[in-house]
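Quick notes on the structure that follows.
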Amino acid sequence: MRVLAALLCGVVFGVGLAVGGMTNPAKVLGFLDVTGVWDPSLAFVMGGALGVNALAFALTRRRARPLFAESFALPTLRDLDRELVVGAAIFGVGWGLVGLCPGPALASLLRGQPEVFAFVAAMVAGMSLDRLRRLYT
Amino acid sequence: MIATSFTPGLSLLGGALIGLAAAALLLADGKVAGVSGILARCLAPQRGDFAWRVAFLCGLPLGATLVIQLTGDAHGFAITQSLPVLVSGGLLVGFGTALGGGCTSGHGVCGLARGSQRSLAATLTFMAAGALTVFAARHLLGGG
């Protein structure tokens, strides 16, 4: 049940990414290009997602536990640290170079475009680099 | 550089579906729908914490492909970067999200919905860094 629920959530998430336009890198770059021909669409994606999720989060928080698991796995870190900000900045540069973030990159895999495969392979390599860094520092 | 058209209705609907999916994953499995974190922790699998991750990640291309097959590619797909730029971008996105503990979905959608200050700082940072990068690429260097 837990795995099936995750699959369904992934499908709906992927549907949302495609409907909203997040899966077109040109549209993402158009959103980030605030001084050029700005396409503000993705602010509506963020707004819609945030609105529905914030409402649902308020309702979910009243429950003692999720439907199919023992407990809620929510982040426990509270303080701002250098890794958070430096990591977000590095991510933003990569996002701005190509117009793909992790969700839309994976959602575009079945298009069969070699560009997407190259990006996803590099992304997984980047994540592995951070894992190595954590092991050796 | 390719200009795209403003699609407020479709984008709001797509966003609402993303929010719904994120909320459902928390309600059903108690998990945060942060794509980079779900993927990154697949690379070092823990017992009993792997199958749901793979299932969620497989759902993303299935859902997106379903939409494109059923309704046509409303937004299109255009990627014009050279291979070195694609690979550099992928490396930066992978390393940055792993170091910063989240991406657009984890910090931007789930973290902000919880009122997390860390996620607010991260979201403002990656939005600003993304906008500056596009500014530099398109308006200073004349590419992108």
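The chains in the structure tokens are called A, B, ... from first to last as shown; in each chain the residues are counted from 1, and the ligands are counted from 1 in the order shown.
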Extract, using only C-alpha atoms, all DNA, RNA and protein residues at most 7 Å from stretch 41-57 of chain A, discarding same-chain residues fewer than 2 positions from it, and format them as a list in words.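 Near neighbours after the sequence-gap exclusion: Gly20, Phe31, Asp39, Leu59, Thr60 and Arg61 of chain A; Phe6, Thr7, Pro8, Ser11, Leu12, Leu13, Gly14, Gly15, Ala16, Leu17, Ile18, Gly19, Leu20, Ala22, Ala23, Val109, Ala113 and Arg114 of chain B.
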Nearby residues (only C-alpha atoms) at most 8 Å from stretch 67-79 of chain B, same-chain spacing under 6 positions excluded, as number ranges by chain: A: 15, 18-19, 21, 23-27, 98, 115; B: 2
When DSSP is applied to the backbone of this structure, which of chain B are assigned alpha helix (DSSP H)? Write them out as a VMD selection string. chain B and resid 8 to 29 35 to 40 51 to 71 83 to 100 112 to 113 117 to 135
Output C-alpha atoms of each residue in that selection to a file, as a PDB file, in the first residue's frame.
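What follows is the written file part-v6.pdb:
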```pdb
ATOM      1  CA  PRO B   8      -1.626  31.334 -15.851  1.00  0.00           C
ATOM      2  CA  GLY B   9      -4.618  28.949 -15.869  1.00  0.00           C
ATOM      3  CA  LEU B  10      -2.756  25.798 -16.857  1.00  0.00           C
ATOM      4  CA  SER B  11       0.143  26.655 -14.583  1.00  0.00           C
ATOM      5  CA  LEU B  12      -2.129  27.229 -11.600  1.00  0.00           C
ATOM      6  CA  LEU B  13      -3.890  23.908 -12.300  1.00  0.00           C
ATOM      7  CA  GLY B  14      -0.556  22.108 -12.668  1.00  0.00           C
ATOM      8  CA  GLY B  15       0.662  23.678  -9.447  1.00  0.00           C
ATOM      9  CA  ALA B  16      -2.480  22.618  -7.593  1.00  0.00           C
ATOM     10  CA  LEU B  17      -1.914  19.010  -8.773  1.00  0.00           C
ATOM     11  CA  ILE B  18       1.696  19.149  -7.564  1.00  0.00           C
ATOM     12  CA  GLY B  19       0.476  20.445  -4.203  1.00  0.00           C
ATOM     13  CA  LEU B  20      -2.145  17.705  -4.057  1.00  0.00           C
ATOM     14  CA  ALA B  21       0.454  15.006  -4.803  1.00  0.00           C
ATOM     15  CA  ALA B  22       2.827  16.390  -2.158  1.00  0.00           C
ATOM     16  CA  ALA B  23       0.016  16.528   0.400  1.00  0.00           C
ATOM     17  CA  ALA B  24      -1.105  12.981  -0.441  1.00  0.00           C
ATOM     18  CA  LEU B  25       2.438  11.600  -0.026  1.00  0.00           C
ATOM     19  CA  LEU B  26       2.639  13.160   3.438  1.00  0.00           C
ATOM     20  CA  LEU B  27      -0.824  11.965   4.440  1.00  0.00           C
ATOM     21  CA  ALA B  28      -0.367   8.428   3.073  1.00  0.00           C
ATOM     22  CA  ASP B  29       3.298   7.655   3.726  1.00  0.00           C
ATOM     23  CA  VAL B  35      12.398  15.053  -5.514  1.00  0.00           C
ATOM     24  CA  SER B  36      16.135  15.659  -5.009  1.00  0.00           C
ATOM     25  CA  GLY B  37      16.085  14.133  -1.532  1.00  0.00           C
ATOM     26  CA  ILE B  38      14.017  11.144  -2.628  1.00  0.00           C
ATOM     27  CA  LEU B  39      16.522  10.509  -5.439  1.00  0.00           C
ATOM     28  CA  ALA B  40      19.684  11.242  -3.440  1.00  0.00           C
ATOM     29  CA  ALA B  51      10.825   0.822  -2.795  1.00  0.00           C
ATOM     30  CA  TRP B  52       8.576   3.823  -2.122  1.00  0.00           C
ATOM     31  CA  ARG B  53      11.314   6.143  -3.402  1.00  0.00           C
ATOM     32  CA  VAL B  54      11.701   4.253  -6.666  1.00  0.00           C
ATOM     33  CA  ALA B  55       7.904   4.055  -7.050  1.00  0.00           C
ATOM     34  CA  PHE B  56       7.482   7.820  -6.583  1.00  0.00           C
ATOM     35  CA  LEU B  57      10.346   8.626  -8.965  1.00  0.00           C
ATOM     36  CA  CYS B  58       8.977   6.248 -11.639  1.00  0.00           C
ATOM     37  CA  GLY B  59       5.606   7.967 -11.325  1.00  0.00           C
ATOM     38  CA  LEU B  60       7.051  11.315 -12.466  1.00  0.00           C
ATOM     39  CA  PRO B  61       7.823  10.364 -16.098  1.00  0.00           C
ATOM     40  CA  LEU B  62       4.695   8.189 -16.240  1.00  0.00           C
ATOM     41  CA  GLY B  63       2.457  11.101 -15.232  1.00  0.00           C
ATOM     42  CA  ALA B  64       4.160  13.612 -17.495  1.00  0.00           C
ATOM     43  CA  THR B  65       4.071  11.226 -20.465  1.00  0.00           C
ATOM     44  CA  LEU B  66       0.397  10.486 -19.822  1.00  0.00           C
ATOM     45  CA  VAL B  67      -0.425  14.195 -20.102  1.00  0.00           C
ATOM     46  CA  ILE B  68       1.624  14.642 -23.270  1.00  0.00           C
ATOM     47  CA  GLN B  69       0.044  11.572 -24.905  1.00  0.00           C
ATOM     48  CA  LEU B  70      -3.537  12.445 -23.957  1.00  0.00           C
ATOM     49  CA  THR B  71      -3.588  16.210 -24.387  1.00  0.00           C
ATOM     50  CA  LEU B  83      26.517  19.100 -24.065  1.00  0.00           C
ATOM     51  CA  PRO B  84      29.150  20.749 -21.821  1.00  0.00           C
ATOM     52  CA  VAL B  85      26.535  23.193 -20.498  1.00  0.00           C
ATOM     53  CA  LEU B  86      24.010  20.372 -19.929  1.00  0.00           C
ATOM     54  CA  VAL B  87      26.561  18.298 -18.027  1.00  0.00           C
ATOM     55  CA  SER B  88      27.795  21.280 -15.960  1.00  0.00           C
ATOM     56  CA  GLY B  89      24.198  22.221 -15.178  1.00  0.00           C
ATOM     57  CA  GLY B  90      23.344  18.668 -14.151  1.00  0.00           C
ATOM     58  CA  LEU B  91      26.410  18.410 -11.896  1.00  0.00           C
ATOM     59  CA  LEU B  92      25.609  21.749 -10.223  1.00  0.00           C
ATOM     60  CA  VAL B  93      21.935  20.825  -9.729  1.00  0.00           C
ATOM     61  CA  GLY B  94      22.823  17.412  -8.292  1.00  0.00           C
ATOM     62  CA  PHE B  95      25.601  18.613  -5.994  1.00  0.00           C
ATOM     63  CA  GLY B  96      23.802  21.805  -4.951  1.00  0.00           C
ATOM     64  CA  THR B  97      20.523  20.120  -4.046  1.00  0.00           C
ATOM     65  CA  ALA B  98      22.337  17.407  -2.100  1.00  0.00           C
ATOM     66  CA  LEU B  99      24.449  19.975  -0.216  1.00  0.00           C
ATOM     67  CA  GLY B 100      21.522  22.329   0.387  1.00  0.00           C
ATOM     68  CA  LEU B 112       7.476  26.763   2.445  1.00  0.00           C
ATOM     69  CA  ALA B 113       4.102  25.098   3.067  1.00  0.00           C
ATOM     70  CA  GLN B 117      12.762  29.278   7.585  1.00  0.00           C
ATOM     71  CA  ARG B 118      15.514  27.122   6.109  1.00  0.00           C
ATOM     72  CA  SER B 119      13.358  26.458   3.068  1.00  0.00           C
ATOM     73  CA  LEU B 120      12.517  30.141   2.691  1.00  0.00           C
ATOM     74  CA  ALA B 121      16.218  31.017   2.734  1.00  0.00           C
ATOM     75  CA  ALA B 122      17.005  28.226   0.259  1.00  0.00           C
ATOM     76  CA  THR B 123      14.159  29.165  -2.098  1.00  0.00           C
ATOM     77  CA  LEU B 124      15.100  32.851  -2.177  1.00  0.00           C
ATOM     78  CA  THR B 125      18.724  31.854  -2.762  1.00  0.00           C
ATOM     79  CA  PHE B 126      18.152  29.449  -5.655  1.00  0.00           C
ATOM     80  CA  MET B 127      15.621  31.761  -7.308  1.00  0.00           C
ATOM     81  CA  ALA B 128      18.086  34.662  -7.122  1.00  0.00           C
ATOM     82  CA  ALA B 129      21.012  32.516  -8.296  1.00  0.00           C
ATOM     83  CA  GLY B 130      18.906  31.170 -11.183  1.00  0.00           C
ATOM     84  CA  ALA B 131      17.772  34.635 -12.248  1.00  0.00           C
ATOM     85  CA  LEU B 132      21.337  35.998 -12.043  1.00  0.00           C
ATOM     86  CA  THR B 133      22.635  33.083 -14.102  1.00  0.00           C
ATOM     87  CA  VAL B 134      20.026  33.640 -16.820  1.00  0.00           C
ATOM     88  CA  PHE B 135      20.773  37.368 -16.749  1.00  0.00           C
TER      89      PHE B 135
END
```
If you measure from atom CA of B:Val32 to atom CA of A:Pro40, what distance in Å do you get, rounded to one decimal? 26.3 Å
List as an MDAnalysis selection string the protein and nucleic acid residues near B:Ala136, meaning an atom at most 12 Å away when only C-alpha atoms are counted, but skip any in the same chain fewer than 4 places from it. (chainID A and resid 32:36 93 96:97) or (chainID B and resid 129:132 140:144)
Go ahead and write the residues just picked, C-alpha atoms, as a PDB file, in the first residue's frame.
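Saved result, again.pdb, follows:
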```
ATOM      1  CA  LEU A  32      14.028  33.272 -14.498  1.00  0.00           C
ATOM      2  CA  ASP A  33      14.660  35.908 -17.178  1.00  0.00           C
ATOM      3  CA  VAL A  34      13.059  38.745 -15.227  1.00  0.00           C
ATOM      4  CA  THR A  35      14.754  41.491 -17.237  1.00  0.00           C
ATOM      5  CA  GLY A  36      13.990  39.913 -20.628  1.00  0.00           C
ATOM      6  CA  VAL A  93      23.234  28.381 -11.051  1.00  0.00           C
ATOM      7  CA  GLY A  96      19.578  28.833 -14.598  1.00  0.00           C
ATOM      8  CA  LEU A  97      22.075  27.264 -17.014  1.00  0.00           C
TER       9      LEU A  97
ATOM     10  CA  ALA B 129      21.012  32.516  -8.296  1.00  0.00           C
ATOM     11  CA  GLY B 130      18.906  31.170 -11.183  1.00  0.00           C
ATOM     12  CA  ALA B 131      17.772  34.635 -12.248  1.00  0.00           C
ATOM     13  CA  LEU B 132      21.337  35.998 -12.043  1.00  0.00           C
ATOM     14  CA  LEU B 140      25.777  39.898 -20.538  1.00  0.00           C
ATOM     15  CA  LEU B 141      27.165  37.042 -22.641  1.00  0.00           C
ATOM     16  CA  GLY B 142      24.355  37.006 -25.202  1.00  0.00           C
ATOM     17  CA  GLY B 143      23.796  33.239 -25.185  1.00  0.00           C
ATOM     18  CA  GLY B 144      21.463  30.870 -23.308  1.00  0.00           C
TER      19      GLY B 144
END
```
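Nearest to chain B of all the residues A:Ala107, A:Leu100, A:Val28, A:Arg63 is A:Ala107, counting only C-alpha atoms.
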